[in-house]
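> The structure under discussion is supplied below as structure tokens; questions concerning it will follow.
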Amino acid sequence: MTSETRSARPATRLPGPAAAAIGGSVLLTITIGLLGPSAMVPALGGPAWLPPFSLDARPDPRLVVGLAAAAILLGGLGTLAALAATRAEVRPGARAEVPPRPSPEARPSPEARPSPETRRETATGASDALREGAAAARVLVLLGCVVAAVLAFLPPSGSGDHLNYAAYGRMVVLGVNPYTHGATDLPGDPIADAVEEPWREEPSVYGPVATAAQAMASWIGGDSLKLTLFVLALVNSAAFVATGLLIDRFTRDDPARRLRGALLWTANPLLLYQLVAGMHADTLAIACMVAALLARARPAVSGLLLGLGVAVKVNAGLVALGPAWELRRRPGRLALMAGVALAVVVAGYALAGADAVSPVTRTSKSVSHASFWKLVQGWLQAVVGEGSAYRAEIQIGSLVVLVVVAWSLFRLAGRLCGALSAEVVAVVLVSAYVFATPYVLPWYDGMAFGVLALVAATALDGFLVAHLLVLSLAYLPARVVGQPEDLEWLRTVVRPQVVPWALLALTAALVWWAWRAAGRVRTPRASAAPPP
């Protein structure tokens with residue numbers, strides 16, 4: 001999360017088991033799409049020669065759900081192991097300290113100083129390690145980009161959200177408002193009829209930029225669901241790759257951070273599974289916000305990108321608070337950045353109409369089945385009464401939890417590095433949001449990973465990987481259609497009963513770790529001696 005003082009050089013290559021687990025996870029994710037329509041992959045119809053391509057093998061539901069479970073477990077555990085191996089040993093007092101000037105008596109004698117040969121060997125070893133780390137990072141980034149490109153040519157898997165995207169774009173092309181109508185309002189339409197239950201009546205909850213991308217894909221795809229989704233998949237994969245390349249460029253001067261950045265984003269098997277194979281609109285918002293953070297030296301450009309990101313998904317606006325904090329003492333630049341961002345958002349929603357706002361406010365009050373707030377809702381209904389969903393009380397409670405998590409992380413970050421950068425503020429706020437919000441889905445974690453790759457390593461890396469791993473298992477798959485009855489326990493037991501407790505435990509552990517780690521940070525004492 002912050003700058004670190006390291007007492008050991010970080011590893012610059014992956015351990016074999018971790019690399020094998022990550023590679024196996026990615027291959028399983030590709031296999032699920034390649035097999036074609038299944039319990040994990042909605043059928044798209046259309047001619048076989050048109051992308052996305054598949055073998056149309058129609059595999060058994062238990063097989064593909066098992067493959068997905070294996071992909072998630074291998075990907076999560078492999079990523080955790082790889083991140084642990086690439087982290088340096090960090091001592092509790094992480095602020096860089098200037099050592100006192102040694103006295104003449106304490107200085108080594110000429111005989112005790114290392115010989116020129118020893119110094120050359122040490123320099124050569126360090127140079128080799130740097131080259132090795134840079135090479136490992138380049139390989140991971142390249143492989144991640146290739147996998148993202150391959151997945152764009154395979155049918156999306158894991159949920160049916162992409163079918164809604166195609167339908168919303170179709171509505172725009174046909175002159176129907178996607179913010180007031182659902183797929184049921186286009187009976188007999190070849191695109192809208194593909195939308196699955198229980199989302200057929202739901203209007204769009206995405207911002208005007210996301211809707212514009214969906215409309216563009218529909219205009220190109222016409223009556224072809226496959227071609228429409230292929231265009232969306234190309235846009236989605238391009239956004240994922242662009243984000244990975246930005247992160248790689250930002251971290252290129254430090255091989256260890258560069259390798260970690262590739263593990264957190266481009267070669268992260270859980271993100272490839274959720275954001276790329278799942279083809280979720282969050283990817284476009286993340287690309288805009290990461291680019292905005294890295295472009296903040298030019299406030300107008302940063303503001304433009306921030307506005308575009310918010311106009312994809314409103315909750316991306318949390319990232320904008322990072323640059324705003326950093327520029328708080330430079331009001332002119334802050335006003336320029338905020339003004340451009342606001343102008344983009346207002347213009348986008350003005351074009352989309354006022355109806356684009358109401359679905360967002362409605363979904364903000366929802367509680368997802370895997371959230372630990374579903375447990376709280378059940379407790380309130382059992383103790384107080386079942387006459388209410390207690391949404392207002394849950395919203396207040398989630399804000400309290402968000403403040404507690406954010407405060408704990410800010411306390412740690414402040415003690416580690418003093419001044420907080422835009423990236424650190426964004427990481428803290430987005431991480432607190434995904435741990436505290438009542439409505440959370442696996443792909444929502446993508447934003448946290450995008451900004452996390454821009455800051456230094458802490459145990460927060462592991463907490464976020466574990467959070468995404470648990471959520472991914474909860475929505476295995478995030479579909480209702482085509483699921484066998486003997487796997488219903490995944491939806492009725494694992495999702496609403498097991499996962500909420502796991503997420504509650506993770507949230508409590510995160511706060512405990514942050515508070516305890518901040519308490520162990522030692523602030524260097526000011527010397528009473530006069531300066532030399």
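Going by the structure tokens order, chains are called A, B, ..., each with residues numbered from 1, while ligands are numbered from 1 in the order shown.
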Going by DSSP on the backbone, which bits of stretch 135-245 of chain A are alpha helix (DSSP H)? Write them as a ChimeraX atom specification, please.

/A:135-152,161-174,208-221,225-245

> I want to know what sits within 12 Å of stretch 15-26 of chain A, based on only C-alpha atoms, with residues of the same chain fewer than 2 positions away left out; could you give that as a PyMOL selection string?

chain A and resi 11-13+28-33+67-86+136+139-140+143-144+146-148+150-151+263-264+266-274+276-277

> I need the residue nearest A:Thr184 from this list: A:Ala167, A:Ala238, A:Val400, A:Ala295. Use only C-alpha atoms for the distance.

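Once distances to A:Thr184 are computed over only C-alpha atoms, the minimum belongs to A:Ala167.
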
> Would you mind listing what lies within 10 Å of A:Pro178 as a list in words, with only C-alpha atoms counted and same-chain residues fewer than 2 positions away left out?

Tyr165, Ala167, Tyr168, Gly169, Arg170, Met171, Val172, Gly175, Val176, Thr180, His181, Gly182, Ala183, Asp185, Glu202, Pro203, Ser204, Val205, Tyr206, Thr211, Ala352, Asp355 and Ala356 of chain A

> With only C-alpha atoms as the basis for distance, which of A:Met337, A:Val424, A:Val401, A:Ala456 is at the shortest distance from A:Asp254?

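Using only C-alpha atoms, the shortest distance to A:Asp254 belongs to A:Ala456.
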
> Which one of A:Leu294, A:Val346, A:Ile396, A:Ala137 sits closest to A:Asp253 if you count only C-alpha atoms?

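Looking only at the distances to A:Asp253, the closest residue turns out to be A:Ala137.
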
> When distances are computed from only C-alpha atoms, which of A:Ser157, A:Gln497, A:Ser38, A:Ser421 shows the smallest separation from A:Arg296?

A:Ser421

> Need to verify the contact set: A:Gly207, 12 Å, only C-alpha atoms, exclusion of same-chain residues closer than 3 positions in sequence. Can you return it as a compact mmCIF listing (two decimals) with C-alpha atoms, in the first residue's frame?


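The file below, part-v5.txt, is the result:
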```txt
# COMPACT_ATOMS: atom_id res chain seq x y z
CA TYR A 165 -25.59 -5.95 -22.63
CA TYR A 168 -29.61 -2.93 -24.05
CA PRO A 178 -32.95 0.72 -22.06
CA TYR A 179 -33.32 2.54 -18.73
CA PRO A 203 -33.70 -2.17 -17.25
CA SER A 204 -30.07 -1.16 -17.60
CA ALA A 210 -21.33 1.60 -21.31
CA THR A 211 -24.66 1.90 -23.09
CA ALA A 212 -22.99 3.67 -26.02
CA ALA A 213 -20.50 0.80 -26.37
CA GLN A 214 -23.36 -1.69 -26.26
CA ALA A 281 -18.69 -3.99 -18.21
CA ASP A 282 -16.58 -3.22 -15.13
CA LEU A 284 -14.06 -0.64 -19.27
CA ALA A 285 -14.58 1.45 -16.13
CA GLY A 307 -15.68 11.25 -16.18
CA LEU A 308 -15.73 8.44 -18.72
CA GLY A 309 -15.15 5.85 -15.98
CA VAL A 310 -17.97 7.20 -13.82
CA ALA A 311 -20.20 7.26 -16.91
CA VAL A 312 -19.58 3.51 -17.27
CA LYS A 313 -20.36 2.63 -13.63
CA VAL A 314 -21.12 5.18 -10.95
CA ASN A 315 -19.25 3.41 -8.16
CA ALA A 316 -16.01 3.96 -10.09
CA GLY A 317 -16.23 7.51 -8.78
CA VAL A 344 -18.34 14.54 -19.08
CA VAL A 345 -20.66 12.83 -16.59
CA VAL A 346 -23.37 15.49 -16.89
CA ALA A 347 -23.18 15.48 -20.69
CA GLY A 348 -23.41 11.69 -20.78
CA TYR A 349 -26.44 11.49 -18.49
CA ALA A 350 -28.06 14.46 -20.23
CA LEU A 351 -27.89 12.54 -23.51
CA ALA A 352 -29.15 9.36 -21.85
CA GLY A 353 -31.96 11.18 -20.05
CA ALA A 354 -33.06 11.41 -16.43
CA ASP A 355 -34.32 7.83 -16.55
CA ALA A 356 -30.68 6.65 -16.54
CA VAL A 357 -30.33 7.75 -12.90
CA SER A 358 -33.26 5.93 -11.30
CA PRO A 359 -32.07 2.32 -11.88
CA VAL A 360 -28.75 3.16 -10.21
```

> Which residue gives the smallest distance to A:Ala43 among A:Leu225, A:Ala135, A:Leu142, A:Ala466, with only C-alpha atoms counted?

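The closest residue to A:Ala43 is A:Leu225.
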
> Measure the distance from atom CA of A:Leu293 to atom CA of A:Thr437 in Å and round it to one decimal.

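According to the coordinates, atom CA of A:Leu293 and atom CA of A:Thr437 are separated by 23.3 Å.
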
> Contacts of A:Gly221 at 9 Å or less, counting only C-alpha atoms, minus same-chain residues fewer than 6 places along, as a list of chain:residue names?

A:Leu227, A:Thr228, A:Leu229, A:Phe230, A:Val231

> Any chance you could export the current selection's N, CA, C and O atoms as a PDB file, in the first residue's frame?


```pdb
ATOM      1  N   LEU A 227     -22.345 -12.015 -33.338  1.00  0.00           N
ATOM      2  CA  LEU A 227     -21.497 -10.922 -33.801  1.00  0.00           C
ATOM      3  C   LEU A 227     -21.552  -9.741 -32.834  1.00  0.00           C
ATOM      4  O   LEU A 227     -20.532  -9.087 -32.567  1.00  0.00           O
ATOM      5  N   THR A 228     -22.736  -9.454 -32.286  1.00  0.00           N
ATOM      6  CA  THR A 228     -22.867  -8.371 -31.312  1.00  0.00           C
ATOM      7  C   THR A 228     -21.979  -8.628 -30.107  1.00  0.00           C
ATOM      8  O   THR A 228     -21.241  -7.744 -29.644  1.00  0.00           O
ATOM      9  N   LEU A 229     -22.022  -9.850 -29.592  1.00  0.00           N
ATOM     10  CA  LEU A 229     -21.223 -10.183 -28.426  1.00  0.00           C
ATOM     11  C   LEU A 229     -19.737 -10.236 -28.757  1.00  0.00           C
ATOM     12  O   LEU A 229     -18.895  -9.924 -27.903  1.00  0.00           O
ATOM     13  N   PHE A 230     -19.403 -10.622 -29.974  1.00  0.00           N
ATOM     14  CA  PHE A 230     -17.998 -10.650 -30.359  1.00  0.00           C
ATOM     15  C   PHE A 230     -17.412  -9.242 -30.357  1.00  0.00           C
ATOM     16  O   PHE A 230     -16.286  -9.022 -29.894  1.00  0.00           O
ATOM     17  N   VAL A 231     -18.176  -8.268 -30.842  1.00  0.00           N
ATOM     18  CA  VAL A 231     -17.698  -6.878 -30.825  1.00  0.00           C
ATOM     19  C   VAL A 231     -17.518  -6.411 -29.380  1.00  0.00           C
ATOM     20  O   VAL A 231     -16.505  -5.785 -29.031  1.00  0.00           O
TER      21      VAL A 231
END
```

> Please report the interatomic distance between atom CA of A:Leu35 and atom CA of A:Arg58 in Å with one decimal.

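Distance between the two atoms: 6.8 Å.
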
> From the list A:Pro442, A:Gly244, A:Pro37, A:Gly303, which residue is nearest A:Cys145 when using only C-alpha atoms?

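Checking each candidate against A:Cys145, we get A:Gly244 as the closest.
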
> In Å, rounded to a single decimal, give me how far atom CA of A:Arg87 is from atom CA of A:Val521.

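Taking atom CA of A:Val521 and atom CA of A:Arg87, their separation equals 18.3 Å.
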